Amino acid sequence: MRQKLVIGNWKMHGSLAANAALLDAIKATPANAKLAVCVPFPYLAQCQSLLAGSQVTWGAQDVSAEVRGAFTGEVAAPMLAEFGCAYVLVGHSERRTYHGETDAVVAAKALRALEAGIVPVVCVGETLAEREAGQTEAVVARQLGAVLEALSIEQLDRIVLAYEPVWAIGTGKTASSAQAQAVHAALRAQVAAKDAGVASRMAILYGGSVKPDNAAELFSMSDIDGGLIGGASLKADDFLAIGNA
């Protein structure tokens with residue numbers, strides 16, 4: 001049975017003082033799910049210091065598709081590994097939308113993370129216009145397909161997927177449990193077409209306005225293995241409640 005995983009995405013929030021209080025509260029209370037936080041680059045050292053030895057793991061929100069070189073402002077996967085990152089988000093909708101990241105770039109970033117021993121959390125999802133046009137499964141299949149083509153079976157067995165409908169991120173709107181389950185099932189079937197064993201083991205998370213009051217229903221779906229949590233991950237009580245859901 002796949003273990004439930006709940007990852008907090010702090011986005012561009014945090015301060016050293018606020019982070020310390022939040023991390024202390026999170027690591028002091030065991031949750032039913034495996035917990036992790038993906039934080040801004042400047043706070044990775046703080047997470048490494050405060051969370052080492054706890055049940056909470058940490059990671060970054062992005063990684064370069066390059067390993068080294070004249071790429072000002074970029075952060076390479078081996079650098080993240082030096083700070084003990086277990087996870088890194090790749091292809092988050094905000095990166096795709098605001099920074100023009102293509103499916104090919106996302107696949108390259110996933111590969112760089114794996115080469116450094118870091119689990120890439122590969123994010124896929126459709127816009128409201130794409131959903132209303134009936135293109136949801138085609139869009140996420142295209143996004144996932146680029147990653148499937150770039151990775152070996154062994155590498156594919158080490159990634160996490162996250163379905164995040166763009167229209168439900170930070171909007172207060174949430175896909176119904178049935179809507180989310182349908183997309184998760186389609187994603188798992190697409191992976192199964194390449195390797196059924198990998199598909200059965202792969203964690204597929206839901207991201208999109210997950211809160212304590214809707215987490216239990218979402219997580220009860222057969223193909224939803226946890227959540228990628230935005231705003232609620234900045235409040236210890238809410239994040240832990242989601243973990244316990």
# chains A, B, ... in the order shown; residues from 1 in each chain; ligands from 1
call {"tool": "residues_around", "arguments": {"residues": "Gly170 in chain A", "least_positions_apart": "4", "cutoff": "8 Å", "atoms": "only C-alpha atoms", "output": "MDAnalysis selection string"}}
result
chainID A and resid 208:209 230:231
call {"tool": "residues_around", "arguments": {"residues": "range 97-105 of chain A", "least_positions_apart": "5", "cutoff": "12 Å", "atoms": "only C-alpha atoms", "output": "NGL selection string"}}
result
:A and (62-66 or 90-92 or 110-112 or 122-127 or 139-151 or 166)
call {"tool": "write_last_selection", "arguments": {"atoms": "N, CA, C and O atoms", "output": "compact mmCIF listing (two decimals), in the first residue's frame"}}
result
# COMPACT_ATOMS: atom_id res chain seq x y z
N ASP A 62 12.29 24.63 -7.02
CA ASP A 62 12.71 24.64 -8.42
C ASP A 62 14.16 24.19 -8.48
O ASP A 62 14.86 24.15 -7.46
N VAL A 63 14.63 23.85 -9.67
CA VAL A 63 16.01 23.45 -9.89
C VAL A 63 16.37 23.79 -11.33
O VAL A 63 15.50 23.83 -12.20
N SER A 64 17.64 24.03 -11.58
CA SER A 64 18.07 24.34 -12.93
C SER A 64 18.08 23.09 -13.80
O SER A 64 18.32 21.98 -13.32
N ALA A 65 17.84 23.28 -15.09
CA ALA A 65 17.98 22.19 -16.05
C ALA A 65 19.44 21.98 -16.42
O ALA A 65 19.78 21.04 -17.14
N GLU A 66 20.31 22.86 -15.92
CA GLU A 66 21.75 22.76 -16.16
C GLU A 66 22.46 22.29 -14.89
O GLU A 66 21.93 22.45 -13.78
N VAL A 90 9.16 20.40 -9.71
CA VAL A 90 9.50 20.76 -11.09
C VAL A 90 8.20 20.91 -11.88
O VAL A 90 7.27 20.13 -11.72
N GLY A 91 8.14 21.96 -12.68
CA GLY A 91 6.98 22.17 -13.53
C GLY A 91 5.76 22.69 -12.81
O GLY A 91 4.64 22.55 -13.32
N HIS A 92 5.94 23.31 -11.64
CA HIS A 92 4.79 23.91 -10.98
C HIS A 92 4.12 24.89 -11.94
O HIS A 92 4.79 25.56 -12.73
N ALA A 110 13.61 17.34 -14.09
CA ALA A 110 13.38 16.09 -13.36
C ALA A 110 14.59 15.18 -13.45
O ALA A 110 15.01 14.56 -12.46
N LEU A 111 15.18 15.11 -14.62
CA LEU A 111 16.37 14.27 -14.83
C LEU A 111 17.55 14.77 -14.01
O LEU A 111 18.26 13.98 -13.37
N ARG A 112 17.76 16.09 -13.97
CA ARG A 112 18.86 16.64 -13.17
C ARG A 112 18.67 16.32 -11.68
O ARG A 112 19.63 15.99 -10.98
N VAL A 122 6.90 16.08 -9.94
CA VAL A 122 6.55 16.58 -11.27
C VAL A 122 5.10 17.04 -11.28
O VAL A 122 4.19 16.25 -11.06
N CYS A 123 4.90 18.33 -11.51
CA CYS A 123 3.57 18.93 -11.44
C CYS A 123 2.94 19.04 -12.83
O CYS A 123 3.60 19.47 -13.78
N VAL A 124 1.69 18.64 -12.92
CA VAL A 124 0.92 18.76 -14.16
C VAL A 124 -0.45 19.32 -13.82
O VAL A 124 -0.92 19.19 -12.70
N GLY A 125 -1.09 19.96 -14.81
CA GLY A 125 -2.42 20.49 -14.55
C GLY A 125 -2.89 21.39 -15.67
O GLY A 125 -2.10 21.93 -16.44
N GLU A 126 -4.22 21.55 -15.75
CA GLU A 126 -4.84 22.31 -16.82
C GLU A 126 -5.40 23.64 -16.31
O GLU A 126 -5.69 23.79 -15.13
N THR A 127 -5.55 24.58 -17.22
CA THR A 127 -6.18 25.85 -16.90
C THR A 127 -7.70 25.68 -16.94
O THR A 127 -8.22 24.66 -17.40
N VAL A 139 -4.19 17.54 -21.92
CA VAL A 139 -3.14 18.45 -21.44
C VAL A 139 -2.21 17.75 -20.46
O VAL A 139 -0.98 17.80 -20.61
N VAL A 140 -2.77 17.08 -19.45
CA VAL A 140 -1.90 16.43 -18.47
C VAL A 140 -1.15 15.25 -19.08
O VAL A 140 -0.02 14.95 -18.70
N ALA A 141 -1.77 14.58 -20.06
CA ALA A 141 -1.08 13.48 -20.74
C ALA A 141 0.13 13.99 -21.51
O ALA A 141 1.19 13.34 -21.55
N ARG A 142 -0.01 15.15 -22.15
CA ARG A 142 1.11 15.75 -22.88
C ARG A 142 2.23 16.13 -21.92
O ARG A 142 3.41 15.86 -22.16
N GLN A 143 1.86 16.75 -20.79
CA GLN A 143 2.85 17.18 -19.81
C GLN A 143 3.59 15.99 -19.22
O GLN A 143 4.82 16.00 -19.09
N LEU A 144 2.86 14.95 -18.84
CA LEU A 144 3.48 13.76 -18.28
C LEU A 144 4.26 13.00 -19.35
O LEU A 144 5.34 12.45 -19.07
N GLY A 145 3.76 13.01 -20.56
CA GLY A 145 4.41 12.26 -21.63
C GLY A 145 5.85 12.68 -21.87
O GLY A 145 6.72 11.84 -22.14
N ALA A 146 6.13 13.98 -21.74
CA ALA A 146 7.50 14.46 -21.94
C ALA A 146 8.44 13.86 -20.90
O ALA A 146 9.59 13.53 -21.20
N VAL A 147 7.94 13.70 -19.68
CA VAL A 147 8.76 13.11 -18.61
C VAL A 147 8.93 11.61 -18.84
O VAL A 147 10.03 11.06 -18.66
N LEU A 148 7.88 10.94 -19.25
CA LEU A 148 7.96 9.50 -19.51
C LEU A 148 8.98 9.20 -20.60
O LEU A 148 9.69 8.19 -20.55
N GLU A 149 9.06 10.08 -21.59
CA GLU A 149 10.01 9.87 -22.68
C GLU A 149 11.46 10.10 -22.24
O GLU A 149 12.37 9.46 -22.76
N ALA A 150 11.65 10.98 -21.28
CA ALA A 150 13.01 11.37 -20.89
C ALA A 150 13.64 10.43 -19.86
O ALA A 150 14.87 10.36 -19.75
N LEU A 151 12.80 9.71 -19.10
CA LEU A 151 13.32 8.91 -17.99
C LEU A 151 13.29 7.42 -18.30
O LEU A 151 12.40 6.93 -19.00
N VAL A 166 -4.79 24.25 -12.49
CA VAL A 166 -4.35 25.64 -12.33
C VAL A 166 -5.48 26.51 -11.79
O VAL A 166 -5.25 27.43 -10.99
call {"tool": "select_by_dssp", "arguments": {"residues": "range 39-227 of chain A", "states": "helix (DSSP H, G or I)", "output": "ChimeraX atom specification"}}
result
/A:41-51,77-82,93-99,103-115,128-132,136-150,153-156,166-168,177-192,196-201,212-219
call {"tool": "write_last_selection", "arguments": {"atoms": "C-alpha atoms", "output": "tab-separated table (two decimals), in the first residue's frame"}}
result
chain	number	residue	atom	x	y	z
A	41	PHE	CA	16.32	28.61	-1.54
A	42	PRO	CA	17.61	30.95	1.23
A	43	TYR	CA	15.84	28.85	3.89
A	44	LEU	CA	17.25	25.44	2.95
A	45	ALA	CA	20.09	25.72	5.46
A	46	GLN	CA	17.62	26.60	8.20
A	47	CYS	CA	15.46	23.59	7.33
A	48	GLN	CA	18.51	21.34	7.29
A	49	SER	CA	19.47	22.59	10.72
A	50	LEU	CA	16.05	22.50	12.37
A	51	LEU	CA	14.58	19.38	10.77
A	77	ALA	CA	20.66	20.02	-8.33
A	78	PRO	CA	24.03	19.10	-6.75
A	79	MET	CA	23.82	22.34	-4.75
A	80	LEU	CA	20.40	21.33	-3.42
A	81	ALA	CA	21.77	17.92	-2.51
A	82	GLU	CA	24.40	19.56	-0.31
A	93	SER	CA	2.09	25.84	-12.84
A	94	GLU	CA	3.52	29.13	-11.63
A	95	ARG	CA	6.87	28.23	-13.22
A	96	ARG	CA	5.17	27.16	-16.44
A	97	THR	CA	2.99	30.30	-16.53
A	98	TYR	CA	5.31	33.05	-15.29
A	99	HIS	CA	8.63	31.69	-16.53
A	103	ASP	CA	7.35	20.30	-21.05
A	104	ALA	CA	10.87	19.55	-22.31
A	105	VAL	CA	12.45	21.87	-19.74
A	106	VAL	CA	10.41	20.26	-16.97
A	107	ALA	CA	11.57	16.81	-18.08
A	108	ALA	CA	15.20	17.99	-18.09
A	109	LYS	CA	14.83	19.39	-14.58
A	110	ALA	CA	13.38	16.09	-13.36
A	111	LEU	CA	16.37	14.27	-14.83
A	112	ARG	CA	18.86	16.64	-13.17
A	113	ALA	CA	17.17	16.11	-9.80
A	114	LEU	CA	17.31	12.33	-10.13
A	115	GLU	CA	20.98	12.44	-11.10
A	128	LEU	CA	-9.86	26.66	-16.50
A	129	ALA	CA	-10.18	27.29	-20.24
A	130	GLU	CA	-8.63	23.91	-21.00
A	131	ARG	CA	-10.98	22.13	-18.57
A	132	GLU	CA	-14.04	23.89	-19.98
A	136	THR	CA	-7.96	18.17	-19.23
A	137	GLU	CA	-6.75	14.63	-19.90
A	138	ALA	CA	-5.04	15.61	-23.15
A	139	VAL	CA	-3.14	18.45	-21.44
A	140	VAL	CA	-1.90	16.43	-18.47
A	141	ALA	CA	-1.08	13.48	-20.74
A	142	ARG	CA	1.11	15.75	-22.88
A	143	GLN	CA	2.85	17.18	-19.81
A	144	LEU	CA	3.48	13.76	-18.28
A	145	GLY	CA	4.41	12.26	-21.63
A	146	ALA	CA	7.50	14.46	-21.94
A	147	VAL	CA	8.76	13.11	-18.61
A	148	LEU	CA	7.96	9.50	-19.51
A	149	GLU	CA	10.01	9.87	-22.68
A	150	ALA	CA	13.01	11.37	-20.89
A	153	ILE	CA	11.96	2.83	-15.93
A	154	GLU	CA	14.35	2.89	-12.97
A	155	GLN	CA	14.29	6.69	-12.89
A	156	LEU	CA	10.53	6.81	-13.29
A	166	VAL	CA	-4.35	25.64	-12.33
A	167	TRP	CA	-7.86	27.01	-11.76
A	168	ALA	CA	-7.87	25.64	-8.20
A	177	SER	CA	-13.00	14.39	-5.19
A	178	ALA	CA	-14.49	12.64	-8.24
A	179	GLN	CA	-12.91	15.14	-10.67
A	180	ALA	CA	-9.52	14.78	-9.01
A	181	GLN	CA	-9.75	10.99	-8.85
A	182	ALA	CA	-10.57	10.78	-12.56
A	183	VAL	CA	-7.42	12.69	-13.51
A	184	HIS	CA	-5.26	10.77	-11.02
A	185	ALA	CA	-6.54	7.49	-12.46
A	186	ALA	CA	-5.75	8.66	-15.99
A	187	LEU	CA	-2.21	9.65	-14.96
A	188	ARG	CA	-1.62	6.29	-13.27
A	189	ALA	CA	-2.91	4.48	-16.36
A	190	GLN	CA	-0.51	6.46	-18.54
A	191	VAL	CA	2.41	5.43	-16.32
A	192	ALA	CA	1.12	1.83	-16.27
A	196	ALA	CA	2.58	-1.41	-14.38
A	197	GLY	CA	4.76	-2.02	-11.35
A	198	VAL	CA	6.01	1.57	-11.29
A	199	ALA	CA	2.45	2.84	-11.66
A	200	SER	CA	1.26	0.80	-8.70
A	201	ARG	CA	4.00	2.23	-6.48
A	212	PRO	CA	-8.34	20.52	6.66
A	213	ASP	CA	-12.05	20.34	5.87
A	214	ASN	CA	-11.69	18.77	2.41
A	215	ALA	CA	-8.49	16.75	2.79
A	216	ALA	CA	-10.05	13.57	4.17
A	217	GLU	CA	-12.50	13.20	1.28
A	218	LEU	CA	-9.82	13.89	-1.33
A	219	PHE	CA	-7.34	11.49	0.27
call {"tool": "select_by_dssp", "arguments": {"residues": "range 55-235 of chain A", "states": "strand (DSSP E or B)", "output": "ChimeraX atom specification"}}
result
/A:56-60,87-90,119-124,160-163,204-206,226-229
call {"tool": "closest_residue", "arguments": {"among": "A:Ala76, A:Ala31, A:Met1, A:Ile118", "to": "Trp58 in chain A", "atoms": "only C-alpha atoms"}}
result
A:Ile118
call {"tool": "closest_residue", "arguments": {"among": "A:Lys27, A:Ile169, A:Phe71, A:Met202", "to": "Ile229 in chain A", "atoms": "only C-alpha atoms"}}
result
A:Ile169
call {"tool": "closest_residue", "arguments": {"among": "A:Ala60, A:Ile242, A:Ala203, A:Leu228", "to": "Ile26 in chain A", "atoms": "only C-alpha atoms"}}
result
A:Ile242
call {"tool": "closest_residue", "arguments": {"among": "A:Gly227, A:Glu164, A:Lys11, A:Ser222", "to": "Phe239 in chain A", "atoms": "only C-alpha atoms"}}
result
A:Gly227
call {"tool": "atom_distance", "arguments": {"atom1": "CA of Val88 in chain A", "atom2": "CA of Ala162 in chain A"}}
result
11.8 Å
